[in-house]
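Note: the block below is model_14.csv and it holds CSV, C-alpha atoms.
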```csv
chain,number,residue,atom,x,y,z
A,15,MET,CA,-97.4,-22.5,-9.4
A,16,THR,CA,-98.1,-19.7,-11.8
A,17,ASP,CA,-99.0,-16.1,-10.8
A,18,ALA,CA,-101.8,-15.4,-13.4
A,19,GLN,CA,-101.6,-11.6,-12.8
A,20,ILE,CA,-100.2,-9.7,-15.8
A,21,TYR,CA,-97.2,-7.5,-15.0
A,22,SER,CA,-95.5,-5.0,-17.3
A,23,PHE,CA,-91.8,-4.1,-17.3
A,24,ASP,CA,-89.5,-2.1,-19.4
A,25,PRO,CA,-87.3,-4.5,-21.5
A,26,ALA,CA,-84.2,-3.1,-19.9
A,27,GLU,CA,-85.4,-4.5,-16.5
A,28,ILE,CA,-85.6,-8.1,-17.8
A,29,ASP,CA,-82.6,-10.4,-17.7
A,30,CYS,CA,-82.6,-12.4,-21.0
A,31,SER,CA,-79.2,-14.0,-20.6
A,32,GLY,CA,-80.2,-17.3,-19.2
A,33,GLU,CA,-78.7,-20.5,-20.6
A,34,TRP,CA,-82.1,-22.1,-20.4
A,35,LEU,CA,-83.3,-20.0,-23.3
A,36,LEU,CA,-82.5,-22.9,-25.6
A,37,TYR,CA,-84.6,-22.0,-28.6
A,38,SER,CA,-83.4,-19.3,-31.0
A,39,SER,CA,-85.3,-16.1,-31.3
A,40,LEU,CA,-87.9,-15.6,-34.1
A,41,PHE,CA,-87.2,-11.9,-33.9
A,42,ASP,CA,-87.4,-10.4,-37.4
A,43,GLU,CA,-89.0,-7.5,-39.3
A,44,GLY,CA,-92.2,-9.5,-39.8
A,45,PHE,CA,-92.5,-10.2,-36.1
A,46,ILE,CA,-91.8,-6.5,-35.2
A,47,SER,CA,-94.5,-5.4,-37.7
A,48,SER,CA,-97.0,-7.8,-36.0
A,49,ILE,CA,-96.2,-6.4,-32.5
A,50,LYS,CA,-96.4,-2.9,-33.8
A,51,THR,CA,-99.8,-3.5,-35.5
A,52,VAL,CA,-101.7,-5.6,-33.1
A,53,GLY,CA,-99.6,-5.4,-29.9
A,54,GLN,CA,-98.3,-8.2,-27.7
A,55,LEU,CA,-101.0,-10.8,-27.7
A,56,VAL,CA,-99.3,-13.5,-25.7
A,57,PRO,CA,-97.6,-12.7,-22.3
A,58,VAL,CA,-94.0,-13.7,-21.8
A,59,LEU,CA,-93.0,-15.8,-18.8
A,60,PHE,CA,-90.9,-14.5,-16.0
A,61,ALA,CA,-89.2,-15.9,-12.9
A,62,LYS,CA,-87.8,-14.1,-9.9
A,63,ASP,CA,-84.2,-14.3,-8.7
A,64,GLY,CA,-84.1,-12.1,-5.6
A,65,ASN,CA,-84.8,-8.6,-7.0
A,66,LYS,CA,-84.0,-9.6,-10.6
A,67,ILE,CA,-86.6,-10.4,-13.2
A,68,ILE,CA,-85.5,-13.4,-15.2
A,69,LEU,CA,-86.9,-14.3,-18.6
A,70,VAL,CA,-88.1,-17.9,-18.9
A,71,ALA,CA,-89.8,-17.7,-22.3
A,72,GLY,CA,-90.6,-15.0,-24.9
A,73,ARG,CA,-87.3,-13.5,-26.0
A,74,SER,CA,-88.6,-12.5,-29.4
A,75,ARG,CA,-91.4,-10.5,-27.7
A,76,VAL,CA,-88.9,-8.7,-25.4
A,77,LEU,CA,-86.6,-7.8,-28.3
A,78,ALA,CA,-89.5,-6.5,-30.4
A,79,ALA,CA,-90.8,-4.4,-27.5
A,80,GLU,CA,-87.3,-3.0,-26.9
A,81,LYS,CA,-87.0,-2.0,-30.6
A,82,LEU,CA,-90.4,-0.4,-30.6
A,83,GLY,CA,-90.0,1.3,-27.2
A,84,LEU,CA,-92.8,-0.6,-25.6
A,85,LYS,CA,-93.2,-2.3,-22.3
A,86,VAL,CA,-93.3,-6.1,-22.0
A,87,SER,CA,-96.3,-7.9,-20.5
A,88,GLY,CA,-95.9,-11.2,-18.8
A,89,ILE,CA,-96.7,-13.5,-15.9
A,90,PHE,CA,-94.5,-15.1,-13.3
A,91,VAL,CA,-94.0,-18.8,-13.1
A,92,ASP,CA,-92.6,-20.9,-10.3
A,93,ALA,CA,-89.2,-21.9,-11.7
A,94,GLU,CA,-86.4,-21.4,-9.2
A,95,ASP,CA,-83.5,-23.2,-10.9
A,96,GLU,CA,-82.1,-23.3,-14.5
A,97,VAL,CA,-83.5,-26.9,-15.1
A,98,SER,CA,-87.0,-26.0,-14.2
A,99,ARG,CA,-86.8,-22.8,-16.2
A,100,ALA,CA,-85.5,-24.8,-19.2
A,101,PHE,CA,-88.5,-27.2,-19.0
A,102,VAL,CA,-90.9,-24.3,-18.9
A,103,HIS,CA,-89.1,-22.7,-21.8
A,104,MET,CA,-89.4,-25.9,-23.9
A,105,GLU,CA,-93.0,-26.4,-23.0
A,106,GLU,CA,-93.8,-22.9,-24.3
A,107,ASN,CA,-91.9,-23.7,-27.5
A,108,ARG,CA,-93.3,-27.2,-27.9
A,109,ALA,CA,-95.0,-26.4,-31.3
A,110,ARG,CA,-91.7,-25.5,-32.9
A,111,VAL,CA,-89.9,-28.0,-35.1
A,112,ALA,CA,-86.5,-29.1,-33.7
A,113,ASP,CA,-83.7,-29.8,-36.2
A,114,ASP,CA,-80.5,-31.7,-35.2
A,115,ALA,CA,-78.6,-28.5,-34.2
A,116,LEU,CA,-81.4,-27.5,-31.8
A,117,LYS,CA,-81.7,-31.1,-30.4
A,118,LEU,CA,-77.9,-31.1,-29.8
A,119,HIS,CA,-78.1,-27.8,-28.0
A,120,VAL,CA,-81.0,-29.0,-25.8
A,121,PHE,CA,-79.4,-32.3,-25.0
A,122,ARG,CA,-76.0,-30.8,-24.2
A,123,PHE,CA,-77.8,-28.4,-21.7
A,124,PHE,CA,-79.6,-31.2,-19.9
A,125,HIS,CA,-77.0,-33.9,-20.2
A,126,THR,CA,-74.9,-32.7,-17.2
A,127,ARG,CA,-77.9,-31.5,-15.2
A,128,ILE,CA,-80.3,-34.4,-15.0
A,129,ALA,CA,-80.3,-38.2,-15.1
A,130,GLU,CA,-80.2,-40.1,-18.4
A,131,LYS,CA,-83.6,-41.5,-17.6
A,132,ASP,CA,-85.0,-38.0,-17.5
A,133,LEU,CA,-83.4,-37.2,-20.8
A,134,SER,CA,-85.4,-40.1,-22.3
A,135,GLN,CA,-88.7,-39.6,-20.5
A,136,ARG,CA,-88.9,-35.8,-20.1
A,137,VAL,CA,-86.7,-34.1,-22.6
A,138,ALA,CA,-87.0,-36.3,-25.7
A,139,PRO,CA,-90.9,-36.0,-25.9
A,140,LEU,CA,-90.5,-32.2,-25.9
A,141,LEU,CA,-88.3,-32.5,-29.0
A,142,GLY,CA,-90.9,-34.7,-30.7
A,143,MET,CA,-89.1,-38.0,-30.0
A,144,LYS,CA,-90.4,-41.1,-28.3
A,145,PRO,CA,-88.6,-42.2,-25.1
A,146,LYS,CA,-87.5,-45.5,-26.7
A,147,ALA,CA,-86.8,-44.2,-30.2
A,148,ARG,CA,-83.6,-45.5,-31.9
A,149,ASP,CA,-82.6,-41.9,-32.6
A,150,LEU,CA,-82.5,-41.3,-28.8
A,151,LYS,CA,-79.9,-44.1,-28.4
A,152,LEU,CA,-77.8,-42.4,-31.1
A,153,TRP,CA,-78.1,-39.0,-29.3
A,154,LEU,CA,-76.9,-40.6,-26.0
A,155,GLU,CA,-73.9,-42.0,-27.9
A,156,TRP,CA,-73.1,-38.6,-29.3
A,157,LEU,CA,-73.4,-37.0,-25.9
A,158,ALA,CA,-70.6,-39.3,-24.7
A,159,LEU,CA,-68.2,-37.6,-27.3
A,160,PRO,CA,-66.2,-34.4,-26.5
A,161,GLN,CA,-68.1,-31.2,-27.3
A,162,ASP,CA,-65.3,-30.4,-29.8
A,163,PHE,CA,-67.1,-32.7,-32.3
A,164,ASP,CA,-70.4,-30.9,-32.1
A,165,VAL,CA,-69.6,-28.5,-34.8
A,166,VAL,CA,-69.8,-31.1,-37.6
A,167,LEU,CA,-73.2,-32.2,-36.4
A,168,GLN,CA,-74.5,-28.6,-36.0
A,169,CYS,CA,-73.6,-27.7,-39.5
A,170,GLY,CA,-75.3,-30.8,-40.9
A,171,ASN,CA,-72.1,-32.4,-42.3
A,172,PHE,CA,-72.2,-35.5,-40.0
A,173,PRO,CA,-75.2,-37.7,-40.1
A,174,LEU,CA,-76.2,-38.8,-36.6
A,175,ALA,CA,-76.6,-42.4,-37.8
A,176,ALA,CA,-72.9,-42.6,-38.2
A,177,VAL,CA,-72.1,-42.0,-34.5
A,178,SER,CA,-72.3,-45.7,-33.6
A,179,VAL,CA,-69.2,-46.6,-35.7
A,180,PHE,CA,-67.5,-43.3,-35.0
A,181,SER,CA,-67.7,-44.0,-31.2
A,182,LYS,CA,-65.6,-47.1,-31.7
A,183,PHE,CA,-62.6,-45.0,-32.9
A,184,SER,CA,-59.8,-44.2,-30.4
A,185,ASP,CA,-59.6,-40.6,-29.3
A,186,GLU,CA,-56.6,-40.1,-31.6
A,187,ASP,CA,-58.5,-41.5,-34.6
A,188,LYS,CA,-61.6,-39.4,-33.8
A,189,LYS,CA,-59.5,-36.2,-34.0
A,190,ALA,CA,-57.8,-37.5,-37.2
A,191,ILE,CA,-61.1,-38.1,-38.9
A,192,LEU,CA,-62.9,-34.9,-37.9
A,193,PRO,CA,-61.4,-32.8,-40.8
A,194,TYR,CA,-63.2,-35.1,-43.3
A,195,PHE,CA,-66.5,-33.8,-42.0
A,196,GLU,CA,-65.7,-30.1,-41.5
A,197,LYS,CA,-66.0,-29.1,-45.1
A,198,LEU,CA,-67.8,-32.0,-46.8
A,199,GLY,CA,-71.5,-32.9,-46.3
A,200,TRP,CA,-72.1,-36.6,-46.0
A,201,SER,CA,-75.2,-38.7,-46.6
A,202,ARG,CA,-76.0,-41.4,-44.0
A,203,SER,CA,-74.9,-44.3,-46.2
A,204,ASN,CA,-71.7,-42.7,-47.4
A,205,ALA,CA,-70.6,-41.6,-43.8
A,206,VAL,CA,-71.4,-45.1,-42.3
A,207,ASN,CA,-69.6,-46.9,-45.1
A,208,PHE,CA,-66.5,-44.6,-45.1
A,209,LEU,CA,-66.1,-44.9,-41.3
A,210,THR,CA,-66.9,-48.6,-41.2
A,211,TRP,CA,-64.3,-49.4,-44.0
A,212,LEU,CA,-61.6,-47.4,-42.3
A,213,TYR,CA,-62.4,-48.9,-38.9
A,214,GLU,CA,-62.4,-52.5,-40.2
A,215,THR,CA,-59.2,-51.9,-42.1
A,216,SER,CA,-57.5,-50.6,-39.1
A,217,ARG,CA,-58.5,-53.7,-37.1
A,218,ARG,CA,-57.4,-56.0,-39.8
A,219,ASP,CA,-54.1,-54.4,-40.4
A,220,MET,CA,-53.5,-53.6,-36.7
A,221,LYS,CA,-52.9,-49.9,-37.6
A,222,SER,CA,-54.6,-46.8,-36.3
A,223,VAL,CA,-57.0,-45.0,-38.6
A,224,SER,CA,-54.8,-41.9,-38.4
A,225,ALA,CA,-51.8,-44.0,-39.6
A,226,LEU,CA,-53.9,-45.5,-42.5
A,227,ILE,CA,-55.1,-42.1,-43.8
A,228,SER,CA,-51.5,-40.7,-43.5
A,229,GLU,CA,-50.0,-43.7,-45.2
A,230,HIS,CA,-52.4,-43.7,-48.1
A,231,GLY,CA,-52.6,-39.9,-48.5
A,232,LEU,CA,-56.3,-39.5,-48.0
A,233,SER,CA,-56.6,-35.8,-48.0
A,234,PRO,CA,-59.9,-34.4,-46.7
A,235,ALA,CA,-60.3,-31.9,-49.6
A,236,LYS,CA,-58.6,-31.2,-52.9
A,237,GLU,CA,-58.3,-27.9,-54.7
A,238,ASN,CA,-61.1,-27.3,-57.2
A,239,GLU,CA,-62.9,-30.5,-56.1
A,240,SER,CA,-66.6,-30.3,-55.5
A,241,PRO,CA,-67.9,-31.6,-52.1
A,242,LYS,CA,-69.8,-34.4,-54.0
A,243,ASP,CA,-66.6,-35.5,-55.8
A,244,GLY,CA,-64.7,-35.3,-52.5
A,245,VAL,CA,-67.0,-37.7,-50.8
A,246,ALA,CA,-67.0,-40.0,-53.7
A,247,ARG,CA,-63.2,-40.0,-53.8
A,248,LEU,CA,-62.9,-40.8,-50.1
A,249,CYS,CA,-65.5,-43.5,-50.2
A,250,LYS,CA,-63.8,-45.2,-53.1
A,251,ALA,CA,-60.4,-45.0,-51.4
A,252,ALA,CA,-61.7,-46.4,-48.1
A,253,LYS,CA,-63.5,-49.2,-49.9
A,254,MET,CA,-60.3,-50.1,-51.8
A,255,LEU,CA,-58.4,-50.3,-48.5
A,256,ARG,CA,-61.0,-52.5,-47.0
A,257,PHE,CA,-61.4,-54.8,-50.0
A,258,PRO,CA,-57.9,-55.0,-51.7
A,259,LEU,CA,-59.0,-57.8,-54.0
A,260,PHE,CA,-61.9,-55.7,-55.2
A,261,SER,CA,-59.5,-52.9,-55.6
A,262,ASP,CA,-57.2,-55.0,-57.8
A,263,LEU,CA,-60.2,-56.1,-59.9
A,264,LEU,CA,-61.4,-52.6,-60.3
A,265,LYS,CA,-58.0,-51.3,-61.5
A,266,THR,CA,-57.8,-54.2,-64.0
A,267,LYS,CA,-61.3,-53.4,-65.2
A,268,GLU,CA,-60.5,-49.7,-65.6
A,269,ASN,CA,-57.4,-50.5,-67.7
A,270,ILE,CA,-59.3,-52.8,-70.0
A,271,VAL,CA,-62.3,-50.5,-70.4
A,272,GLY,CA,-59.8,-47.7,-71.2
A,273,GLU,CA,-58.5,-49.8,-74.1
A,274,ILE,CA,-61.9,-50.8,-75.3
A,275,CYS,CA,-63.5,-47.3,-75.2
A,276,VAL,CA,-60.6,-45.1,-76.1
A,277,GLY,CA,-61.6,-42.2,-78.3
A,278,THR,CA,-65.3,-42.7,-77.7
A,279,LYS,CA,-67.9,-41.5,-75.2
A,280,TRP,CA,-69.1,-45.1,-74.4
A,281,ARG,CA,-68.7,-46.2,-70.8
A,282,VAL,CA,-68.7,-49.8,-69.4
A,283,GLU,CA,-69.7,-50.6,-65.8
A,284,SER,CA,-69.6,-54.0,-64.1
A,285,VAL,CA,-72.8,-55.4,-62.6
A,286,GLY,CA,-72.7,-56.6,-59.0
A,287,ASN,CA,-69.1,-55.9,-58.2
A,288,PHE,CA,-67.9,-58.5,-60.7
A,289,GLU,CA,-70.0,-61.3,-59.1
A,290,THR,CA,-72.3,-61.7,-62.1
A,291,GLY,CA,-69.8,-61.4,-65.0
A,292,GLU,CA,-72.2,-58.9,-66.6
A,293,VAL,CA,-71.5,-55.4,-67.8
A,294,VAL,CA,-73.5,-52.4,-68.7
A,295,LEU,CA,-72.5,-50.4,-71.8
A,296,GLN,CA,-73.9,-46.8,-72.0
A,297,THR,CA,-73.5,-43.4,-73.5
A,298,ARG,CA,-75.4,-40.1,-73.9
A,299,PHE,CA,-76.2,-38.0,-76.9
A,300,LYS,CA,-78.4,-35.0,-77.6
A,301,SER,CA,-78.6,-34.8,-81.3
A,302,ARG,CA,-79.0,-37.2,-84.3
A,303,ASP,CA,-75.4,-36.5,-85.4
A,304,VAL,CA,-74.0,-37.4,-82.0
A,305,MET,CA,-76.2,-40.5,-82.0
A,306,GLN,CA,-74.9,-41.6,-85.4
A,307,LYS,CA,-71.3,-41.1,-84.2
A,308,ALA,CA,-72.0,-43.2,-81.1
A,309,ILE,CA,-73.4,-46.0,-83.3
A,310,GLU,CA,-70.3,-45.9,-85.5
A,311,ASP,CA,-68.1,-46.0,-82.3
A,312,LEU,CA,-70.1,-49.0,-81.0
A,313,ASP,CA,-69.4,-50.9,-84.2
A,314,SER,CA,-65.7,-50.2,-83.7
A,315,ILE,CA,-65.4,-51.0,-80.0
A,316,GLN,CA,-67.3,-54.3,-80.3
A,317,LYS,CA,-64.4,-55.7,-82.3
A,318,SER,CA,-61.9,-55.0,-79.4
A,319,ASP,CA,-60.0,-58.0,-78.0
A,320,GLY,CA,-60.5,-56.5,-74.6
A,321,TRP,CA,-64.1,-57.8,-74.2
A,322,ASP,CA,-63.0,-61.4,-73.5
A,323,LYS,CA,-60.6,-60.2,-70.8
A,324,LEU,CA,-63.3,-58.0,-69.3
A,325,PHE,CA,-65.8,-60.9,-69.1
A,326,GLU,CA,-63.2,-63.1,-67.3
A,327,ILE,CA,-62.4,-60.6,-64.5
A,328,GLY,CA,-63.0,-62.1,-61.1
A,329,ARG,CA,-64.0,-65.6,-62.3
A,330,GLU,CA,-60.7,-67.2,-61.4
A,331,LYS,CA,-60.7,-65.5,-58.0
```
Could you render the structure from this file as structure tokens?
Amino acid sequence: MTDAQIYSFDPAEIDCSGEWLLYSSLFDEGFISSIKTVGQLVPVLFAKDGNKIILVAGRSRVLAAEKLGLKVSGIFVDAEDEVSRAFVHMEENRARVADDALKLHVFRFFHTRIAEKDLSQRVAPLLGMKPKARDLKLWLEWLALPQDFDVVLQCGNFPLAAVSVFSKFSDEDKKAILPYFEKLGWSRSNAVNFLTWLYETSRRDMKSVSALISEHGLSPAKENESPKDGVARLCKAAKMLRFPLFSDLLKTKENIVGEICVGTKWRVESVGNFETGEVVLQTRFKSRDVMQKAIEDLDSIQKSDGWDKLFEIGREK
């Protein structure tokens, strides 16, 4: 039940330290200017805890009033415990868009306080998620992980979609793989592939993932390496571990192409991972002179003996 009467309090009288205040404050100079110009148009929500006045929703309005030396107007709601206060707080912020960092914060708060069924049916809709959404299943998988891993999800480096394969890792391997997501931002496909290839290789070779990355020197980051290049390097290395035959073919192909295109800007790429036998020959130029040089180089490289070897890669195997 809500007490519809409007009360006014000095900001110093209001306890704003509750863990149920899950949404970040929108307190900024624009908000302060609005309060200063037109006043507090929307009352904040309070709850009572003995003689204490507990804030349930409206932290930005309290902070603005404090800065401007104003009193805070609000109404009391019937929310006697932290869970009920959190639900009221979220209802009041329902219109705000929730990113993964906020969803994680909210789910972590409720995870140990309510049943999993209520997470799906009551919390998820307040975050704009359907109770049976696939993403909710991924969130429940993430919540089973130690909170130590939350940092890579909060900073946006770890795509939530990769949690299903990550959950299969042993505790030791999870800790070993964490540094690869602390400084590098991964796309969904790259993260899933990288983790899947490492996991499948560890199962095939009967070695831990931590042993594999140590044995093959897969460093999380290299000096002067861009994040994009770092992710590409690690994905390539993991793929080679998972598919050794492909790795051998790729090395052979790179050696042959190096011989064919030496001294030119032409590049050769195989189509379909050597399955088709086809290749793509390409270069770039930004002037007529560079284009003419590329044409002359093309006439030269087409005479290379390496082409026959290149077209035969993978056919015997």
May I ask for the distance between atom CA of A:Asp24 and atom CA of A:Val58, given in Å to one decimal place? 12.7 Å
Which is closest to A:Cys169 among A:Trp211, A:Gly277, A:Leu116, A:Glu186, if we use all atoms listed in the file?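 Under the stated criterion, the closest residue is A:Leu116.
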For a quick check of understanding, using all atoms listed in the file, which of A:Leu82, A:Ile68, A:Leu59, A:Ile89 has the smallest distance to A:Glu105?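 With all atoms listed in the file as the atom set, the closest residue is A:Leu59.
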note - atom CA of A:Cys249 and atom CA of A:Glu283 are separated by 17.6 Å
Choose the residue, out of A:Ser318, A:Ala205, A:Val97, A:Glu155, that has the smallest atom-to-atom separation from A:Asp132; count all atoms listed in the file.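 Among A:Ser318, A:Ala205, A:Val97, A:Glu155, it is A:Val97 that comes nearest to A:Asp132.
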For stretch 109-115 of chain A, work out the shell of residues within 12 Å, counting all atoms listed in the file and skipping chain neighbours fewer than 5 positions away, then give it as a ChimeraX atom specification. /A:36-40,103-104,120-122,138-143,149-150,152-153,156,164-175
What is the atom CA of A:Ala235 to atom CA of A:Lys197 distance in Å?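 Atom CA of A:Lys197 lies at a distance of 7.8 Å from atom CA of A:Ala235.
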Polymer residues at most 12 Å from A:Asn269, all atoms listed in the file, same-chain spacing of 6 or more positions, as a PyMOL selection string: chain A and resi 262-263+275-276+282+320-321+323-324+327
Set the distance at 9 Å and use only C-alpha atoms: which residues neighbour A:Tyr194 once local chain neighbours fewer than 4 positions away are removed? I'd like the list as a list in words.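 After dropping sequence-adjacent residues, the list is Ala190, Leu198, Ser233, Pro234, Ala235, Val245 and Leu248 of chain A.
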Return the single residue from A:Asp95, A:Glu106, A:Asp42, A:Asp243 that is closest to A:Pro57, with distances computed using only C-alpha atoms.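 Closest residue, counting only C-alpha atoms: A:Glu106.
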